[in-house]
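Engineer: Here's a structure for you.
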Amino acid sequence: MTALLPVAVLLSSLIPAIATFFLDQQSYRLRNTLSLGGSVLKLALIVAMLLAVAGGAAYEARLSLVPGLYILLRLDAVALLFLSLSAVLWLLTNVYAIAYFGTKPELSRFFGFFSLCVAATTGLAMSGTLISFLIFFELLTLSTWPLVAHKQDRPSLAAARRYLFYALPASAALLIAVIWLESATGPVVFEDGADFGDLSENSQRAIFALFILGVGVKAALVPLHGWLPAAMAAPAPVSALLHAVAVVKAGAFGVIRVIYDVFGPERVAALGVGVPLAVVASVTILWGSIRALQQDEIKKRLAFSTVSQVSYIVLAAALASPAALVGGLAHLVHQGLMKITLFFCAGIYDERAGVKRIDGLDGMGRRMPWTSVAFSVGALGMIGLPPLAGFVSKLYLGLGGLEAGAPWVLAVLAGSTLLNAAYFMPLLYRLWIAPGADAAGDERAPGLVVPAAVTALASLAVGVLAASALSPLGWADLIVERGYLR
Amino acid sequence: MSALVFLLALPLVAALAALVAPRGAPALTLISAAAGVGAALRLAQTVAQGGVQEIALAGWAPPLGITVAADGLAVAFLLMTALVMLAVALAARAELAPERAGARVAFGFWPIALLLWGSLNAVFLSRDLFNLYVGIELLTLAAVALVALSGKAGALVAAMRYMIFALAGSLLYLLGVVLVYGAHGTLDVGLLADRTVADPDALALALMTAGLAAKTALFPFHVWLPPAHAGAPAPASAMLSGLVPKASFVILIRLWFEAMPDQAGSGALLLLGLMGAAAVIWGSLRALSQPRLKLIVAYSTVAQLGYMFLIFPLAGGDGAAQPWAAGAWTGGMFQALSHGLAKAAMFLCAGLWIIAAGGDRLADLRGLARPMPMTAMAFGLAAVTLMGLPPSGGFTAKYLMMTAAFASGQWGWALVLAGGGLLAAAYLYRPMAEVFARDCPITPQPIPRAWQLVPLALAVAAIMLGLISAPPFDLLQVGRPEAAEEGL
């Protein structure tokens, strides 16, 4: 039973993915049943395990490949944090995507790769060894490419090409890092960390740099972020999932795994590589926000905002103090909920009102109140207005900076908050206050609006109920307390 | 045991039958290939459980008689070959029907293909240098005939060039064999391993290696390969690119790792490795600038064959943390096997696209993913293997070789492996991007789904080689030469 559960969680996305590829375009009902059925089943499995894992249980499954190479799926508290996020958002995005695409062409391909992408994320979350992580990380790269290219027009194909142009060299760096390390230390199991033995300090630094290069592209660390704003050419549900959970989070999650489960925070500190990473993360936070300010398109502005926000997690991981890590892990979920809300809404404005640019939002709050309320909740959360989700993350991150003896983090956070306000407030002003005489648009699309409303509510709830044990913050606390900071 | 004899005899008997009854040849080939897969699976099971299976022909043991033997390596190649033959038989039944390809191709193809299969099996199973010579000669003749089959001017020129390289290679090999026989009075691989080293050995090995390298299209002897492989009909190209170079490679492995590991000097190993690395880089760069799909895929073969030669300097590179031995050697075998499956899949995809669009210029392929999604998927999966991305057989190969490179401190080869993967992504991206374009300027010929399933099945098999890699790994270890573990 304990070995079956992780496999079942993985298969709940993988089987729908493979089956969907073979469906005809016309099999709407069967395709939707597969996608929605898979996501409901997955959510049920995860909920069933939450309490057991909170009580200290861990589930393991292992698939042996050639000697020294095996896939280990392990469901522990950290995995479950990421997994719950991806399961909830997969279900909601499925509902949204079904409504968004309607009867557009190539749906079997889309939903097949969509489920495959989630399967890769699931495997990534549960990976118990470095090699398993690498395998699912690459699977994620490959399954995302057709999603970015989905519209098959010139900008989409260019964006998809750019994505691979960044992602594949990063894969090579990651592969070299993994094999270099493992050829010296033997297979690395996350639970035990790596035994570096006789690797010289400089080799260790080089391996760390290769690792960060490998996962940093997905986490969109400046200057490796160029693919992310370009990937905006993808359809709205893809952008939503990409920015909230699948790709960028895989990168941030990878940073956490590398620092805490491969190197260990003490070794990172001893090698002196934590502070440079924190600086890169801080630069990314500020640079992403500044670039967001300069964008006229809604999705572009949101994309640069993602560049900035994901690096909160990287910063937290690099600081390696308990409070910072709690904040970072919680932000993994918080940012996901807020950003997916914003992208859902951006998609609705585009689909129902034809609005892509920020100056088209004038007066939209009265035309499309549900969408606009959801958007505002997401935006205010991003700015960090108490008691919304973003505030909680920033609070812990700031405390963590002080704990780690890096008070300059407060300045980064303050600057970022000001910039966040500077690029989100004009949108809110246009939505609610600016006169917009004859803006067209309606919200008669429950399949689009309900998911947005649900994620907006959820991002409210995780902030307000942050003190509860099963909130993301409570869960992050549990992870850290359980000795994640060895 | 009987499966071994069956695999040797079946293709040759079927080839004769195909000559006698040409109308029944497609069905006969199909049935033979299916039976061949069954026999190879059965033999694999026997070898996995009972170790190496050896038969002394007519009951005479070497040095008087000659033996054929099935070890893990031989069985793995037999099985891969049978799978590819099955796919090729299915594809050729549809693509090379007389009304589509003309009578000459339609009737000429089957007996030659069966002969080619038979000579491949003979090479994989033989343990005698002269037997191996006969096998590889037959193989060469069949392969040249396949290249020339269409009768077009370009194909004839390519076939001629191929023949010149192959015959020169045969001569060199035969010269080496003569030297070995003169010095030791035997040609049996097993007996040669225990010989007293003699003066002409180094020269003999060098001659045989040069000859076989020319037949394997190792850089810089590769110039015959792209026009030959690209000029043949697609099902023939699948065999030529996926299977034929593997035969001469297997003989090289038998020579270096089994018969004469004592002759391996570090300079010679380095040279073989460097030629392999040059093949990876040069083949990929040339593939990047080709205007036609089949040429891209053919140059990719030049590059992919290069990886296999990296095992000469890498084999046996052990480190304290390495929980297995013979990683690089096994990696090279994984590379040969997964490339065979994936490359055959790619050429079969190309064949379907050529029927649908009427040509294989990249512009012709524009937008074909929409009418033929399964073919596009098959091409994509095969590309994943060639790039060496997980979870595929190509990744397993790359992982094993790269680990050996780092464990033995030879980083340079690891960079070649990583860089080759990126180059493969670059040259395979060009056809992929065309196929995935939205607009399809032509109205393509409809292709039945069943036809598209054939390359898809091969590509999935190449992926499975990575996903279920433990059984093939264990199989390859049966009868593995000691030098694979200790290094040359």
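Each chain in the structure tokens gets a letter, A, B and so on, in the order shown; residues start at 1 in every chain, and ligands are counted from 1 in the order they appear.
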If you run DSSP on the backbone here, which positions in segment 76-315 of chain A get strand (DSSP E or B)? Please write them as a list of chain:residue names.
Structural biologist: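 Taking segment 76-315 of chain A and keeping strand (DSSP E or B) only, one gets A:Ser127, A:Thr129, A:Val189, A:Glu297.
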Engineer: Give me the residues near Tyr163 of chain A as a list of chain:residue names, where near means some atom within 9 Å (using only C-alpha atoms) and where sequence neighbours in that chain fewer than 2 positions away do not count.
Structural biologist: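 Surrounding residues, per the criterion: A:Thr141, A:Trp145, A:Val148, A:Ala158, A:Ala159, A:Ala160, A:Arg161, A:Phe165, A:Tyr166, A:Ala167, A:Leu168, A:Gly226, A:Trp227, A:Leu228, A:Ala230, A:Ala231.
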Engineer: Take the residues that were just selected and, keeping C-alpha atoms, output them as a PDB file, in the first residue's frame.
Structural biologist:
```
ATOM      1  CA  THR A 141      10.990  20.581 -20.342  1.00  0.00           C
ATOM      2  CA  TRP A 145       7.409  22.743 -25.398  1.00  0.00           C
ATOM      3  CA  VAL A 148       4.081  26.896 -25.496  1.00  0.00           C
ATOM      4  CA  ALA A 158       9.482  31.640 -31.789  1.00  0.00           C
ATOM      5  CA  ALA A 159       8.671  31.593 -28.077  1.00  0.00           C
ATOM      6  CA  ALA A 160       8.866  27.815 -27.993  1.00  0.00           C
ATOM      7  CA  ARG A 161      12.204  27.862 -29.777  1.00  0.00           C
ATOM      8  CA  PHE A 165      17.267  27.546 -26.450  1.00  0.00           C
ATOM      9  CA  TYR A 166      17.425  28.375 -22.745  1.00  0.00           C
ATOM     10  CA  ALA A 167      16.224  25.083 -21.326  1.00  0.00           C
ATOM     11  CA  LEU A 168      18.392  22.564 -23.180  1.00  0.00           C
ATOM     12  CA  GLY A 226      14.638  35.757 -21.165  1.00  0.00           C
ATOM     13  CA  TRP A 227      12.401  32.861 -22.176  1.00  0.00           C
ATOM     14  CA  LEU A 228       9.676  33.543 -19.632  1.00  0.00           C
ATOM     15  CA  ALA A 230       8.457  35.491 -24.459  1.00  0.00           C
ATOM     16  CA  ALA A 231       6.467  32.422 -23.448  1.00  0.00           C
TER      17      ALA A 231
END
```
Engineer: Please determine, counting only C-alpha atoms, which residue among A:Thr121, A:Thr2, A:Ser84, A:Gln152 has the shortest atom-to-atom distance to chain B.
Structural biologist: A:Gln152
Engineer: Just asking: which residues within segment 130-354 of chain A are alpha helix (DSSP H) according to DSSP, as a ChimeraX atom specification?
Structural biologist: /A:130-148,154-185,201-216,227-230,236-244,247-257,265-271,274-293,298-319,322-353
Engineer: Write out as CSV the residues of chain A that have any atom within 7 Å of an atom of chain B, one row each with the nearest atom pair and its distance in Å to one decimal, counting only C-alpha atoms, sorted by chain and then rising number.
Structural biologist:
```
residue,atom,partner,partner_atom,distance
A:Ser64,CA,B:Ala470,CA,6.6
A:Leu65,CA,B:Ala470,CA,4.7
A:Val66,CA,B:Ala470,CA,4.7
A:Pro67,CA,B:Trp324,CA,6.3
A:Gly68,CA,B:Pro323,CA,6.2
A:Ile135,CA,B:Pro390,CA,5.3
A:Glu138,CA,B:Pro390,CA,6.4
A:Leu139,CA,B:Pro390,CA,6.9
A:Gln152,CA,B:Arg438,CA,4.9
A:Asp153,CA,B:Arg438,CA,6.0
A:Leu168,CA,B:Leu422,CA,6.8
A:Pro169,CA,B:Leu422,CA,6.8
A:Ala172,CA,B:Ala418,CA,5.8
A:Ile179,CA,B:Thr403,CA,5.7
A:Trp180,CA,B:Phe406,CA,5.9
A:Ser183,CA,B:Ala407,CA,5.1
A:Ala184,CA,B:Ala321,CA,5.8
A:Thr185,CA,B:Ala321,CA,5.7
A:Gly186,CA,B:Ala321,CA,4.9
```
Engineer: Quick one: residues within 9 Å of segment 92-97 of chain B, only C-alpha atoms counted, chain neighbours fewer than 3 positions away excluded, as a list in words?
Structural biologist: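 What passes the distance filter is Pro26, Ala27, Leu30, Ala87, Val88, Ala89, Arg100, Ala101, Gly102, Ala103, Val105, Ala106, Phe107, Phe109, Trp110, Pro233, Ala234, Pro235, Ala236, Gly351, Leu352, Ile355 and Trp451 of chain B.
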Engineer: Ser13 of chain A: which residues within 9 Å, counting only C-alpha atoms, same-chain residues fewer than 6 positions away excluded, as a tab-separated table (two decimals) with C-alpha atoms, in the first residue's frame?
Structural biologist:
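Just written: part_20.tsv:
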```
chain	number	residue	atom	x	y	z
A	35	SER	CA	-8.69	15.21	-17.43
A	38	GLY	CA	-7.63	12.33	-13.15
A	39	SER	CA	-7.36	15.61	-11.31
A	42	LYS	CA	-5.30	12.91	-7.58
A	115	SER	CA	-1.58	16.19	-18.26
A	116	LEU	CA	1.92	15.02	-19.11
A	117	CYS	CA	3.30	18.32	-17.86
A	118	VAL	CA	1.46	17.83	-14.57
A	119	ALA	CA	2.68	14.24	-14.37
A	120	ALA	CA	6.24	15.53	-14.73
A	122	THR	CA	4.18	15.40	-9.78
```
Engineer: In terms of the shortest atom-to-atom distance over only C-alpha atoms, which of A:Ala209, A:Leu427, A:Arg366, A:Asp76 is closest to Ile259 of chain A?
Structural biologist: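 Nearest to Ile259 of chain A: A:Ala209.
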Engineer: Write out as a ChimeraX atom specification each polymer residue whose atoms come within 7 Å of segment 335-346 of chain A, counting only C-alpha atoms; drop sequence neighbours fewer than 2 positions from it.
Structural biologist: /A:236,239-241,243-245,298-299,331-333,348-350,371,374-375,378,381-382,452,455-456,459
Engineer: Identify, on the basis of only C-alpha atoms, every residue whose closest approach to segment 407-420 of chain A does not exceed 6 Å; exclude the query and any residue fewer than 4 positions from it along the same chain; express the result as a PyMOL selection string.
Structural biologist: chain A and resi 286+289+383+398+401-402
Engineer: Looking at only C-alpha atoms, which of A:Trp90, A:Val355, A:Val326, A:Asp442 is the one that sits closest to Pro369 of chain A?
Structural biologist: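 Answer, going by the shortest atom-to-atom distance: A:Asp442.
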Engineer: Do a neighbour search on segment 55-62 of chain B at 12 Å with only C-alpha atoms, toss out local chain neighbours closer than 3 positions, and write the hits as a PDB file with C-alpha atoms, in the first residue's frame.
Structural biologist:
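Contents of out31.pdb, as written:
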```pdb
ATOM      1  CA  MET B   1      19.674 -23.706 -28.937  1.00  0.00           C
ATOM      2  CA  SER B   2      17.213 -24.376 -31.718  1.00  0.00           C
ATOM      3  CA  ALA B   3      16.277 -20.698 -31.666  1.00  0.00           C
ATOM      4  CA  LEU B   4      19.901 -19.888 -32.491  1.00  0.00           C
ATOM      5  CA  VAL B   5      19.970 -22.135 -35.554  1.00  0.00           C
ATOM      6  CA  LEU B   8      20.648 -18.158 -38.705  1.00  0.00           C
ATOM      7  CA  VAL B  52      26.222 -18.135 -23.315  1.00  0.00           C
ATOM      8  CA  GLY B  65      35.811 -26.642 -36.698  1.00  0.00           C
ATOM      9  CA  ILE B  66      34.071 -23.297 -36.202  1.00  0.00           C
ATOM     10  CA  THR B  67      31.566 -22.204 -33.595  1.00  0.00           C
ATOM     11  CA  VAL B  68      28.655 -19.853 -33.426  1.00  0.00           C
ATOM     12  CA  ALA B  69      27.731 -18.490 -30.027  1.00  0.00           C
ATOM     13  CA  ALA B  70      24.996 -16.327 -28.550  1.00  0.00           C
ATOM     14  CA  ASP B  71      26.117 -14.141 -25.671  1.00  0.00           C
ATOM     15  CA  LEU B 125      26.587 -14.932 -33.856  1.00  0.00           C
ATOM     16  CA  SER B 126      29.944 -15.777 -35.475  1.00  0.00           C
ATOM     17  CA  ARG B 127      33.117 -16.231 -33.442  1.00  0.00           C
ATOM     18  CA  ASP B 128      35.514 -16.858 -36.283  1.00  0.00           C
ATOM     19  CA  ASN B 131      33.144 -16.344 -40.875  1.00  0.00           C
ATOM     20  CA  GLY B 185      47.074 -20.720 -37.221  1.00  0.00           C
ATOM     21  CA  THR B 186      43.588 -20.045 -35.886  1.00  0.00           C
ATOM     22  CA  LEU B 187      40.852 -17.460 -36.444  1.00  0.00           C
ATOM     23  CA  ASP B 188      38.638 -18.384 -33.520  1.00  0.00           C
ATOM     24  CA  VAL B 189      38.029 -15.357 -31.288  1.00  0.00           C
ATOM     25  CA  GLY B 190      38.114 -17.412 -28.102  1.00  0.00           C
ATOM     26  CA  LEU B 191      41.382 -19.145 -28.977  1.00  0.00           C
ATOM     27  CA  LEU B 192      42.977 -15.899 -30.116  1.00  0.00           C
TER      28      LEU B 192
END
```
